[in-house]
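S.K.: start_12.txt is reproduced below (compact mmCIF, C-alpha atoms and all ligand atoms).
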# COMPACT_ATOMS: atom_id res chain seq x y z
CA MET U 1 -14.04 3.62 -25.47
CA ASN U 2 -13.60 0.70 -23.19
CA GLU U 3 -16.56 -1.33 -22.20
CA TRP U 4 -17.61 -1.25 -18.59
CA VAL U 5 -17.87 -4.57 -16.93
CA GLN U 6 -20.13 -5.01 -14.00
CA VAL U 7 -18.81 -6.96 -11.09
CA SER U 8 -21.67 -8.25 -9.05
CA ARG U 9 -21.71 -9.92 -5.67
CA LYS U 10 -23.65 -13.16 -5.61
CA GLN U 11 -24.38 -16.01 -3.30
CA GLY U 12 -22.08 -18.97 -3.57
CA PHE U 13 -18.47 -19.88 -3.30
CA VAL U 14 -15.97 -19.96 -6.12
CA ASP U 15 -12.45 -20.01 -4.87
CA GLY U 16 -9.67 -19.17 -7.28
CA ALA U 17 -11.89 -19.13 -10.35
CA LYS U 18 -9.83 -18.00 -13.29
CA VAL U 19 -11.42 -15.38 -15.50
CA ASP U 20 -9.70 -13.93 -18.53
CA GLU U 21 -11.93 -11.01 -19.43
CA THR U 22 -10.64 -7.55 -19.69
CA VAL U 23 -11.90 -5.20 -17.02
CA THR U 24 -11.84 -1.44 -16.72
CA ASP U 25 -9.97 0.05 -13.80
CA CYS U 26 -10.46 3.30 -11.94
CA LEU U 27 -9.15 5.59 -14.61
CA ASN U 28 -10.88 3.88 -17.46
CA VAL U 29 -7.74 2.15 -18.62
CA THR U 30 -8.13 -1.39 -19.75
CA ILE U 31 -6.28 -3.99 -17.77
CA LYS U 32 -6.14 -7.72 -18.03
CA ARG U 33 -7.71 -9.59 -15.21
CA ASP U 34 -5.32 -12.24 -14.09
CA LYS U 35 -7.57 -14.06 -11.75
CA ALA U 36 -10.82 -13.46 -10.02
CA ILE U 37 -10.75 -14.79 -6.54
CA GLY U 38 -13.99 -16.00 -5.15
CA THR U 39 -14.51 -15.19 -1.56
CA LEU U 40 -16.56 -16.59 1.25
CA SER U 41 -20.15 -17.65 0.83
CA GLY U 42 -22.43 -14.75 0.24
CA ASN U 43 -19.80 -12.67 -1.49
CA VAL U 44 -18.57 -13.94 -4.77
CA GLN U 45 -17.74 -11.76 -7.68
CA ASN U 46 -19.16 -12.84 -11.00
CA ILE U 47 -18.78 -10.99 -14.24
CA THR U 48 -22.33 -10.76 -15.41
CA GLU U 49 -22.81 -8.00 -17.88
CA LYS U 50 -20.57 -6.43 -20.50
CA ASN U 51 -22.14 -3.01 -20.74
CA GLY U 52 -22.20 -2.04 -17.09
CA THR U 53 -24.88 -0.78 -14.75
CA LYS U 54 -27.16 2.09 -15.69
CA MET U 55 -25.59 4.30 -13.10
CA GLU U 56 -22.07 3.72 -14.42
CA GLN U 57 -23.17 4.44 -17.96
CA GLU U 58 -24.85 7.65 -16.86
CA ASN U 59 -21.72 8.72 -14.98
CA VAL U 60 -19.67 8.25 -18.09
CA LYS U 61 -22.14 10.21 -20.24
CA LYS U 62 -22.68 13.00 -17.74
CA LYS U 63 -19.61 15.25 -17.47
CA LYS U 64 -18.78 15.32 -13.79
CA GLU U 65 -17.48 18.42 -12.01
CA MET U 66 -14.10 18.25 -10.34
CA CYS U 67 -14.31 17.32 -6.63
CA PRO U 68 -13.79 20.24 -4.21
CA THR U 69 -10.33 20.92 -2.72
CA ILE U 70 -11.53 19.88 0.72
CA SER U 71 -13.76 16.85 0.67
CA PRO U 72 -17.12 17.38 2.38
CA LEU U 73 -17.03 13.74 3.47
CA LEU U 74 -14.19 14.18 5.98
CA LYS U 75 -15.04 13.50 9.62
CA GLY U 76 -11.70 14.08 11.34
CA PRO U 77 -10.51 11.62 13.99
CA ILE U 78 -11.10 7.96 13.27
CA SER U 79 -11.70 5.59 16.10
CA ILE U 80 -9.50 2.65 15.35
CA LEU U 81 -10.24 -0.62 17.07
CA ILE U 82 -7.21 -2.81 17.52
CA ASN U 83 -7.21 -5.91 19.66
CA LEU U 84 -5.49 -5.09 22.93
CA GLU U 85 -2.38 -7.18 22.58
CA LEU U 86 -1.66 -5.41 19.30
CA ASP U 87 -2.12 -1.91 20.65
CA TYR U 88 0.71 0.29 21.92
CA ASN U 89 -1.79 2.37 23.86
CA ALA U 90 -3.52 -0.55 25.56
CA LYS U 91 -1.76 -0.04 28.89
CA LYS U 92 -2.65 3.64 28.96
CA THR U 93 -6.32 2.93 28.33
CA ASN U 94 -8.49 0.16 29.65
CA THR U 95 -6.64 -3.12 29.98
CA SER U 96 -9.62 -4.92 31.45
CA LYS U 97 -11.47 -4.92 28.14
CA PRO U 98 -12.07 -8.36 26.64
CA PRO U 99 -10.54 -9.01 23.21
CA LEU U 100 -12.74 -7.95 20.33
CA GLN U 101 -14.56 -10.85 18.75
CA ASN U 102 -14.67 -11.35 14.97
CA TRP U 103 -12.25 -8.51 14.53
CA PRO U 104 -10.54 -7.41 12.27
CA PRO U 105 -12.98 -8.05 9.41
CA THR U 106 -12.00 -10.69 6.88
CA LEU U 107 -11.14 -9.67 3.31
CA GLU U 108 -14.58 -10.82 2.29
CA GLU U 109 -16.26 -8.69 4.93
CA VAL U 110 -14.19 -5.70 3.85
CA ALA U 111 -15.29 -6.30 0.24
CA VAL U 112 -18.92 -6.41 1.29
CA HIS U 113 -18.53 -3.25 3.35
CA TYR U 114 -17.08 -1.15 0.51
CA LYS U 115 -19.58 -1.64 -2.26
CA ASP U 116 -18.07 0.72 -4.79
CA LEU U 117 -14.75 -1.08 -5.14
CA LYS U 118 -13.80 -2.61 -8.44
CA LEU U 119 -12.00 -5.87 -8.83
CA GLY U 120 -8.34 -5.35 -7.94
CA GLY U 121 -9.12 -3.00 -5.04
CA SER U 122 -9.58 0.12 -7.10
CA TYR U 123 -12.03 2.93 -6.68
CA ALA U 124 -13.11 5.22 -9.50
CA GLY U 125 -13.89 8.15 -7.22
CA PRO U 126 -17.20 9.51 -5.96
CA ARG U 127 -20.31 9.19 -8.10
CA ASP U 128 -21.02 12.90 -8.21
CA CYS U 129 -17.60 14.45 -8.85
CA LYS U 130 -14.38 13.74 -10.67
CA CYS U 131 -11.47 12.97 -8.38
CA LYS U 132 -8.54 15.34 -8.60
CA THR U 133 -5.87 12.75 -7.96
CA SER U 134 -5.32 9.08 -8.56
CA VAL U 135 -3.18 7.29 -6.05
CA ALA U 136 -1.49 3.90 -6.01
CA VAL U 137 -1.05 2.68 -2.45
CA ILE U 138 1.78 0.13 -2.45
CA VAL U 139 2.17 -2.20 0.51
CA PRO U 140 5.22 -4.47 0.95
CA PHE U 141 4.00 -7.70 2.43
CA ARG U 142 4.66 -11.20 3.64
CA ASP U 143 2.78 -13.28 6.15
CA ARG U 144 0.90 -10.45 7.85
CA GLU U 145 -2.65 -11.39 6.90
CA MET U 146 -4.09 -10.11 10.17
CA HIS U 147 -2.43 -6.72 9.74
CA LEU U 148 -3.64 -6.55 6.16
CA ARG U 149 -7.24 -7.01 7.29
CA TYR U 150 -6.99 -4.03 9.66
CA PHE U 151 -5.14 -2.02 7.06
CA LEU U 152 -7.67 -2.58 4.28
CA TYR U 153 -10.67 -1.95 6.46
CA TYR U 154 -9.39 1.47 7.50
CA ILE U 155 -7.60 2.62 4.34
CA HIS U 156 -10.58 2.22 2.02
CA GLN U 157 -12.70 4.33 4.34
CA LEU U 158 -10.09 7.08 4.51
CA LEU U 159 -9.35 7.23 0.78
CA GLN U 160 -13.01 7.26 -0.16
CA ARG U 161 -13.74 10.04 2.32
CA GLN U 162 -10.94 12.00 0.68
CA GLN U 163 -12.69 11.54 -2.69
CA LEU U 164 -9.61 10.06 -4.34
CA CYS U 165 -9.32 7.62 -7.20
CA TYR U 166 -7.05 4.86 -6.02
CA GLN U 167 -5.85 1.29 -6.14
CA ILE U 168 -4.36 -0.79 -3.34
CA ILE U 169 -1.44 -2.90 -4.54
CA VAL U 170 0.00 -5.43 -2.13
CA ALA U 171 3.49 -6.55 -3.14
CA GLU U 172 3.91 -9.94 -1.54
CA GLN U 173 7.24 -11.73 -1.42
CA VAL U 174 6.96 -15.44 -2.10
CA GLY U 175 9.61 -18.08 -1.44
CA SER U 176 11.92 -18.45 1.49
CA GLU U 177 14.49 -15.75 0.70
CA THR U 178 15.07 -13.07 3.31
CA PHE U 179 12.54 -10.24 3.04
CA ASN U 180 13.49 -7.49 0.59
CA LYS U 181 11.14 -4.58 1.02
CA GLY U 182 12.92 -2.32 -1.47
CA GLN U 183 12.64 -4.75 -4.37
CA LEU U 184 8.96 -5.40 -3.62
CA MET U 185 8.11 -1.72 -3.64
CA ASN U 186 10.07 -1.02 -6.84
CA SER U 187 8.40 -3.91 -8.57
CA ALA U 188 4.91 -2.72 -7.56
CA PHE U 189 5.74 0.77 -8.83
CA VAL U 190 6.64 -0.65 -12.23
CA TYR U 191 3.46 -2.75 -12.25
CA ALA U 192 1.29 0.22 -11.28
CA ASN U 193 2.68 2.34 -14.10
CA ARG U 194 2.04 -0.35 -16.63
CA SER U 195 -1.71 -0.36 -16.12
CA THR U 196 -2.70 3.13 -15.01
CA ASN U 197 -1.54 6.71 -15.12
CA PHE U 198 -1.32 7.37 -11.37
CA ASP U 199 -0.43 10.85 -10.10
CA CYS U 200 0.89 9.63 -6.81
CA PHE U 201 2.51 6.53 -5.28
CA ILE U 202 2.28 5.97 -1.56
CA PHE U 203 4.57 3.31 -0.10
CA HIS U 204 2.88 2.17 3.06
CA ASP U 205 3.72 -0.32 5.82
CA VAL U 206 0.87 -2.75 6.39
CA ASP U 207 0.87 -2.23 10.14
CA VAL U 208 0.43 1.55 10.10
CA ILE U 209 -3.04 3.14 10.21
CA ALA U 210 -3.98 6.82 9.97
CA GLU U 211 -5.99 8.05 12.94
CA ASP U 212 -7.58 11.00 11.18
CA ASP U 213 -9.12 11.25 7.73
CA ARG U 214 -7.76 14.78 7.21
CA ILE U 215 -4.24 13.38 6.77
CA PRO U 216 -3.79 13.91 3.03
CA TYR U 217 -3.07 10.79 1.02
CA THR U 218 -1.81 12.75 -1.96
CA CYS U 219 1.49 13.96 -3.37
CA ASN U 220 3.33 17.23 -3.50
CA SER U 221 5.28 17.84 -6.69
CA ASP U 222 7.96 19.90 -4.88
CA HIS U 223 8.53 17.60 -1.93
CA VAL U 224 8.58 13.92 -1.21
CA TYR U 225 5.88 13.80 1.41
CA HIS U 226 6.49 11.77 4.56
CA LEU U 227 2.97 11.09 5.77
CA ALA U 228 3.60 9.20 8.95
CA PRO U 229 6.31 10.66 11.19
CA TYR U 230 4.08 10.68 14.28
CA LEU U 231 3.37 7.18 15.52
CA ASP U 232 1.68 6.01 18.72
CA LYS U 233 4.65 3.71 19.31
CA PHE U 234 6.82 6.79 19.79
CA ASN U 235 4.20 8.90 21.57
CA TYR U 236 3.48 10.74 18.34
CA LYS U 237 6.92 12.38 18.41
CA TRP U 238 9.27 12.61 15.47
CA GLY U 239 12.96 12.28 16.27
CA GLY U 240 14.11 14.38 13.31
CA TYR U 241 16.01 11.61 11.58
CA LEU U 242 16.94 11.34 7.95
CA THR U 243 14.92 8.15 7.61
CA VAL U 244 11.57 8.19 5.84
CA CYS U 245 9.57 5.30 7.27
CA ALA U 246 6.02 3.95 7.58
CA ALA U 247 4.32 5.87 4.73
CA LEU U 248 5.91 7.98 2.01
CA ALA U 249 4.36 9.66 -1.05
CA PHE U 250 6.14 10.23 -4.36
CA THR U 251 5.09 11.52 -7.73
CA LYS U 252 6.30 9.41 -10.63
CA GLU U 253 9.00 12.00 -11.36
CA GLN U 254 10.25 11.98 -7.79
CA PHE U 255 10.41 8.20 -7.52
CA THR U 256 12.17 7.98 -10.87
CA ALA U 257 14.64 10.70 -9.82
CA VAL U 258 15.76 8.64 -6.79
CA ASN U 259 15.89 5.46 -8.90
CA GLY U 260 13.36 3.91 -6.49
CA TYR U 261 14.41 2.09 -3.35
CA SER U 262 17.70 0.26 -3.03
CA GLY U 263 17.27 -3.42 -3.75
CA GLU U 264 20.35 -4.32 -1.72
CA PHE U 265 18.97 -4.22 1.80
CA VAL U 266 18.15 -7.76 2.72
CA GLY U 267 16.31 -8.28 6.00
CA TRP U 268 15.17 -5.64 8.44
CA GLY U 269 16.44 -2.08 8.29
CA GLY U 270 18.41 0.26 6.10
CA GLU U 271 16.24 0.82 3.04
CA ASP U 272 14.32 3.71 4.61
CA ASP U 273 17.50 5.45 5.75
CA ASP U 274 19.00 4.86 2.32
CA MET U 275 15.92 6.50 0.77
CA GLY U 276 16.49 9.54 2.98
CA VAL U 277 20.00 9.84 1.50
CA ARG U 278 18.67 9.38 -2.04
CA ILE U 279 16.10 12.13 -1.70
CA LYS U 280 18.71 14.47 -0.25
CA SER U 281 20.86 14.09 -3.33
CA THR U 282 18.04 15.21 -5.67
CA LYS U 283 16.43 18.63 -6.02
CA TYR U 284 13.57 17.44 -3.82
CA THR U 285 13.26 17.76 -0.08
CA VAL U 286 11.11 15.81 2.35
CA SER U 287 8.00 17.48 3.75
CA ARG U 288 6.12 16.59 6.91
CA LEU U 289 2.91 18.18 8.08
CA LYS U 290 2.81 19.56 11.60
CA GLU U 291 -0.90 19.66 12.35
CA ASN U 292 -1.73 17.88 15.58
CA TYR U 293 -4.11 15.52 13.83
CA ILE U 294 -1.25 13.86 11.96
CA ARG U 295 -1.32 10.72 14.06
CA PHE U 296 -0.79 7.08 13.14
CA LYS U 297 -1.28 3.81 14.93
CA MET U 298 1.29 1.11 14.47
CA ILE U 299 0.16 -2.41 15.16
CA LYS U 300 2.39 -4.16 17.70
CA HIS U 301 4.19 -7.23 16.50
CA ASN U 302 7.22 -9.44 17.05
CA SER U 303 10.10 -9.70 14.61
CA ASP U 304 9.29 -11.72 11.51
CA LYS U 305 11.00 -15.02 10.89
CA GLY U 306 12.15 -14.22 7.37
CA ASN U 307 13.24 -10.67 8.17
CA PRO U 308 16.17 -10.69 10.62
CA LYS U 309 17.98 -7.45 11.40
CA ASN U 310 20.47 -6.87 8.64
CA PRO U 311 23.91 -6.67 10.29
CA ARG U 312 25.42 -5.11 7.17
CA ARG U 313 22.88 -2.32 6.84
CA LEU U 314 25.04 0.46 8.30
CA ASN U 315 27.93 -0.56 6.15
CA ARG U 316 25.77 -0.46 3.03
CA LEU U 317 24.43 2.92 4.03
CA ARG U 318 27.87 4.46 3.83
CA LEU U 319 27.85 3.67 0.13
CA ALA U 320 24.31 4.95 -0.44
CA HIS U 321 25.36 7.84 -2.65
CA GLU U 322 27.65 5.84 -4.87
CA ARG U 323 25.16 3.08 -5.44
CA MET U 324 22.11 5.17 -6.17
CA LYS U 325 22.33 5.17 -9.96
CA GLU U 326 22.94 1.46 -10.41
CA ASP U 327 20.88 0.08 -7.55
CA GLY U 328 17.10 0.46 -7.66
CA LEU U 329 14.55 0.70 -10.45
CA SER U 330 17.40 0.50 -12.96
CA SER U 331 18.60 -2.86 -11.61
CA LEU U 332 15.24 -4.43 -10.89
CA ASN U 333 14.89 -8.07 -11.82
CA THR U 334 12.26 -9.51 -9.49
CA SER U 335 10.01 -12.06 -11.11
CA THR U 336 6.24 -11.87 -10.94
CA VAL U 337 4.87 -15.27 -10.05
CA ASP U 338 1.22 -14.26 -10.07
CA VAL U 339 -1.13 -11.29 -10.02
CA ILE U 340 -4.33 -11.86 -8.10
CA LYS U 341 -7.22 -9.46 -8.13
CA TYR U 342 -9.28 -9.40 -4.98
CA MET U 343 -12.14 -6.96 -4.54
CA THR U 344 -10.12 -5.30 -1.77
CA HIS U 345 -6.67 -5.17 -3.42
CA THR U 346 -4.41 -6.40 -6.18
CA ARG U 347 -1.85 -8.87 -4.92
CA LEU U 348 1.44 -9.19 -6.76
CA LYS U 349 3.27 -12.35 -5.87
CA LEU U 350 6.94 -11.63 -6.37
CA LYS U 351 10.21 -13.43 -6.13
CA THR U 352 13.03 -11.14 -5.12
CA PHE U 353 16.65 -11.76 -6.09
CA MET U 354 19.69 -11.96 -3.88
CA PRO U 355 21.96 -8.93 -4.40
CA LYS U 356 25.42 -9.77 -5.70
CA TYR U 357 27.31 -8.53 -2.65
CA VAL U 358 25.19 -10.73 -0.34
CA LYS U 359 25.89 -13.76 -2.51
CA GLU U 360 29.59 -12.98 -2.34
CA VAL U 361 29.51 -12.67 1.45
CA LEU U 362 27.62 -15.96 1.76
CA ASN U 363 29.99 -17.75 -0.58
CA ARG U 364 33.13 -16.73 1.28
CA PRO U 365 34.96 -19.74 2.64
N1 LIG B 1 6.75 -6.75 6.23
C1 LIG B 1 5.93 -7.85 5.99
N2 LIG B 1 6.36 -9.08 6.36
C2 LIG B 1 7.56 -9.30 6.94
C3 LIG B 1 8.38 -8.18 7.19
C4 LIG B 1 7.95 -6.92 6.84
O1 LIG B 1 4.82 -7.72 5.49
O2 LIG B 1 7.89 -10.45 7.23
C5 LIG B 1 6.34 -5.42 5.70
C6 LIG B 1 5.11 -4.84 6.37
O3 LIG B 1 4.44 -4.01 5.49
C7 LIG B 1 5.74 -4.04 7.51
C8 LIG B 1 6.94 -3.44 6.79
O4 LIG B 1 7.37 -4.48 5.91
O5 LIG B 1 4.87 -3.10 8.03
C9 LIG B 1 8.05 -2.98 7.72
O6 LIG B 1 8.56 -4.06 8.48
P1 LIG B 1 8.45 -4.09 10.07
O7 LIG B 1 7.03 -3.95 10.45
O8 LIG B 1 9.15 -5.30 10.56
O9 LIG B 1 9.26 -2.80 10.47
P2 LIG B 1 9.23 -2.15 11.90
O10 LIG B 1 10.02 -0.91 11.79
O11 LIG B 1 10.05 -3.20 12.69
O12 LIG B 1 7.89 -2.11 12.50
C10 LIG B 1 10.16 -3.08 14.03
C11 LIG B 1 10.94 -4.27 14.50
C12 LIG B 1 10.05 -5.35 14.94
C13 LIG B 1 10.59 -6.04 16.13
C14 LIG B 1 9.83 -5.68 17.36
C15 LIG B 1 10.25 -6.51 18.50
N3 LIG B 1 9.61 -6.06 19.71
MN MN B 2 6.08 -2.87 11.92
Output the file's structure in the form of structure tokens.
Ligand code: UDH
Ligand code: MN

M.R.:
Amino acid sequence: MNEWVQVSRKQGFVDGAKVDETVTDCLNVTIKRDKAIGTLSGNVQNITEKNGTKMEQENVKKKKEMCPTISPLLKGPISILINLELDYNAKKTNTSKPPLQNWPPTLEEVAVHYKDLKLGGSYAGPRDCKCKTSVAVIVPFRDREMHLRYFLYYIHQLLQRQQLCYQIIVAEQVGSETFNKGQLMNSAFVYANRSTNFDCFIFHDVDVIAEDDRIPYTCNSDHVYHLAPYLDKFNYKWGGYLTVCAALAFTKEQFTAVNGYSGEFVGWGGEDDDMGVRIKSTKYTVSRLKENYIRFKMIKHNSDKGNPKNPRRLNRLRLAHERMKEDGLSSLNTSTVDVIKYMTHTRLKLKTFMPKYVKEVLNRP
């Protein structure tokens, strides 16, 4: 039996303090802590006690009942506050509103708000019942700190109301290479499987936020589940494309069957369409819910510097079928520069690699 380690919040400031203890994550699997990051004054995590709080010990002793199919904590629509310039609906609503001050909350404020999180951004489920599913939420990321603050503030609330066990894993690309979302997501999937036995993996854009807590953040073993087809940016209408964008849920079997995402789409576009083709060639289909509460906000933003539109994406897509077996999880060779455990999330710092065909194109005289 692993020992519980209590993570307490204390006054003070310890930034980047390195701690090597072993901690216990949401499913009672032992993981190595890579780093404990101190946060702003008034909210620092210190490892204080090896045998855990009384309440945690009692929870372990007492056999908990399974949580109900429908969580009693759900409230339905979530009012999401986004500063006006970042909101697609701003023009339709009240444009005279002043910008929100001190918003979105900082990572430290999010950590203070969600008291039951464990280091690394994981949650062991409600105190009074055993969660039915454990979910890894994987977020490809670079240089979107503001979006991440919104994302974390709202996602923890939703997942906890759904009585799930979960961990938020942010896969951050480091270095100056062009953004490679596919490689980041594959790498985070491999990382997640190493530490915990998750039932479900949700690949989620950082700028997309669910507007209702009834939108299930779980998996379906028969279908790859496309959570977020209805976005405010497109008036909550789905165009019926093959692409599977914004948020997508796979079981381990499903993600393995498609060999993960292609690692060959460099820059913006293509990898989501390619995933649509991959899923189509397996026994799985894509499912989308139709209830009118399936609504997502997308935070408005400009194009990112390191993520230009990929001019070769359509060309690559034509070869999607042929490449599927060799290109993806099976060809992954990103390097992990660091793993940082915040209270709100685990951050993988990853270096992606340049696909061979891109190198060849760049090296042409
Ligand atoms: N992402 C980052 N950093 C980057 C690029 C992408 O974190 O530099 C991640 C992030 O999770 C984002 C996701 O990758 O949500 C998808 O990238 P995106 O937001 O650029 O994709 P989207 O479809 O792009 O939103 C729309 C084009 C943006 C140009 C709009 C000009 N008006
Ligand atoms: Mn976006």

S.K.: Residues contacting ligand LIG 1 (chain B) - anything with an atom at most 9 Å away, using all atoms listed in the file - can you give me those as a VMD selection string?

M.R.: chain U and resid 139 to 145 147 to 148 170 to 173 178 to 181 204 to 208 245 to 246 267 to 269 298 to 309

S.K.: Excluding region 109-111 of chain U and its own-chain neighbours fewer than 2 positions away, which residues fall within 6 Å of it when counting only C-alpha atoms? Please give them as a list in words.

M.R.: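 With the cut-off at 6 Å, the set is Pro105, Thr106, Leu107, His113, Tyr114, Tyr153, Met343 and Thr344 of chain U.
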
S.K.: Which residues are close to Phe296 (chain U), i.e. within 6 Å by all atoms listed in the file, leaving aside same-chain residues fewer than 6 positions away? Reply as a PyMOL selection string.

M.R.: chain U and resi 209-211+231

S.K.: Between U:Asn315, U:Thr243, U:Ser79, U:Ser287, which is the closest to Asp213 (chain U) once you count only C-alpha atoms?

M.R.: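 Among the listed residues, U:Ser79 lies closest to Asp213 (chain U).
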
S.K.: Out of U:Lys130, U:Lys252, U:Lys115, U:Lys297, which residue has the shortest atom-to-atom distance to Ile78 (chain U) when counting all atoms listed in the file?

M.R.: U:Lys297

S.K.: Could you tell me how far CA of Arg316 (chain U) lies from CA of Ser330 (chain U), in Å and to one decimal?

M.R.: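 Those two atoms sit 18.1 Å apart.
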
S.K.: If you count all atoms listed in the file, which residues fall within 8 Å of Ala188 (chain U), apart from same-chain ones fewer than 3 positions away, as a ChimeraX atom specification?

M.R.: /U:138,169-171,184-185,191-192,348

S.K.: Okay, now the selection with C-alpha atoms, as a short mmCIF file (atom, residue, chain, number, x, y, z; two decimals), keeping the file's coordinate frame?

M.R.:
data_model
loop_
_atom_site.label_atom_id
_atom_site.label_comp_id
_atom_site.auth_asym_id
_atom_site.auth_seq_id
_atom_site.Cartn_x
_atom_site.Cartn_y
_atom_site.Cartn_z
CA ILE U 138 1.78 0.13 -2.45
CA ILE U 169 -1.44 -2.90 -4.54
CA VAL U 170 0.00 -5.43 -2.13
CA ALA U 171 3.49 -6.55 -3.14
CA LEU U 184 8.96 -5.40 -3.62
CA MET U 185 8.11 -1.72 -3.64
CA TYR U 191 3.46 -2.75 -12.25
CA ALA U 192 1.29 0.22 -11.28
CA LEU U 348 1.44 -9.19 -6.76
#

S.K.: Nearest to Gly76 (chain U) among U:Lys341, U:Arg127, U:Lys63, U:Arg161, with distances taken over only C-alpha atoms: which residue is it?

M.R.: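 Of U:Lys341, U:Arg127, U:Lys63, U:Arg161, the one nearest Gly76 (chain U) is U:Arg161, counting only C-alpha atoms.
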
S.K.: Using the file's own x, y and z axes, what box holds all listed atoms of region 278-294 of chain U with 4 Å on each side, keeping edges along x, y and z, and what are its centre and edge lengths in Å to one decimal, as lines of an AutoDock Vina configuration file?

M.R.:
center_x = 8.4
center_y = 14.5
center_z = 4.8
size_x = 33.0
size_y = 18.3
size_z = 29.6
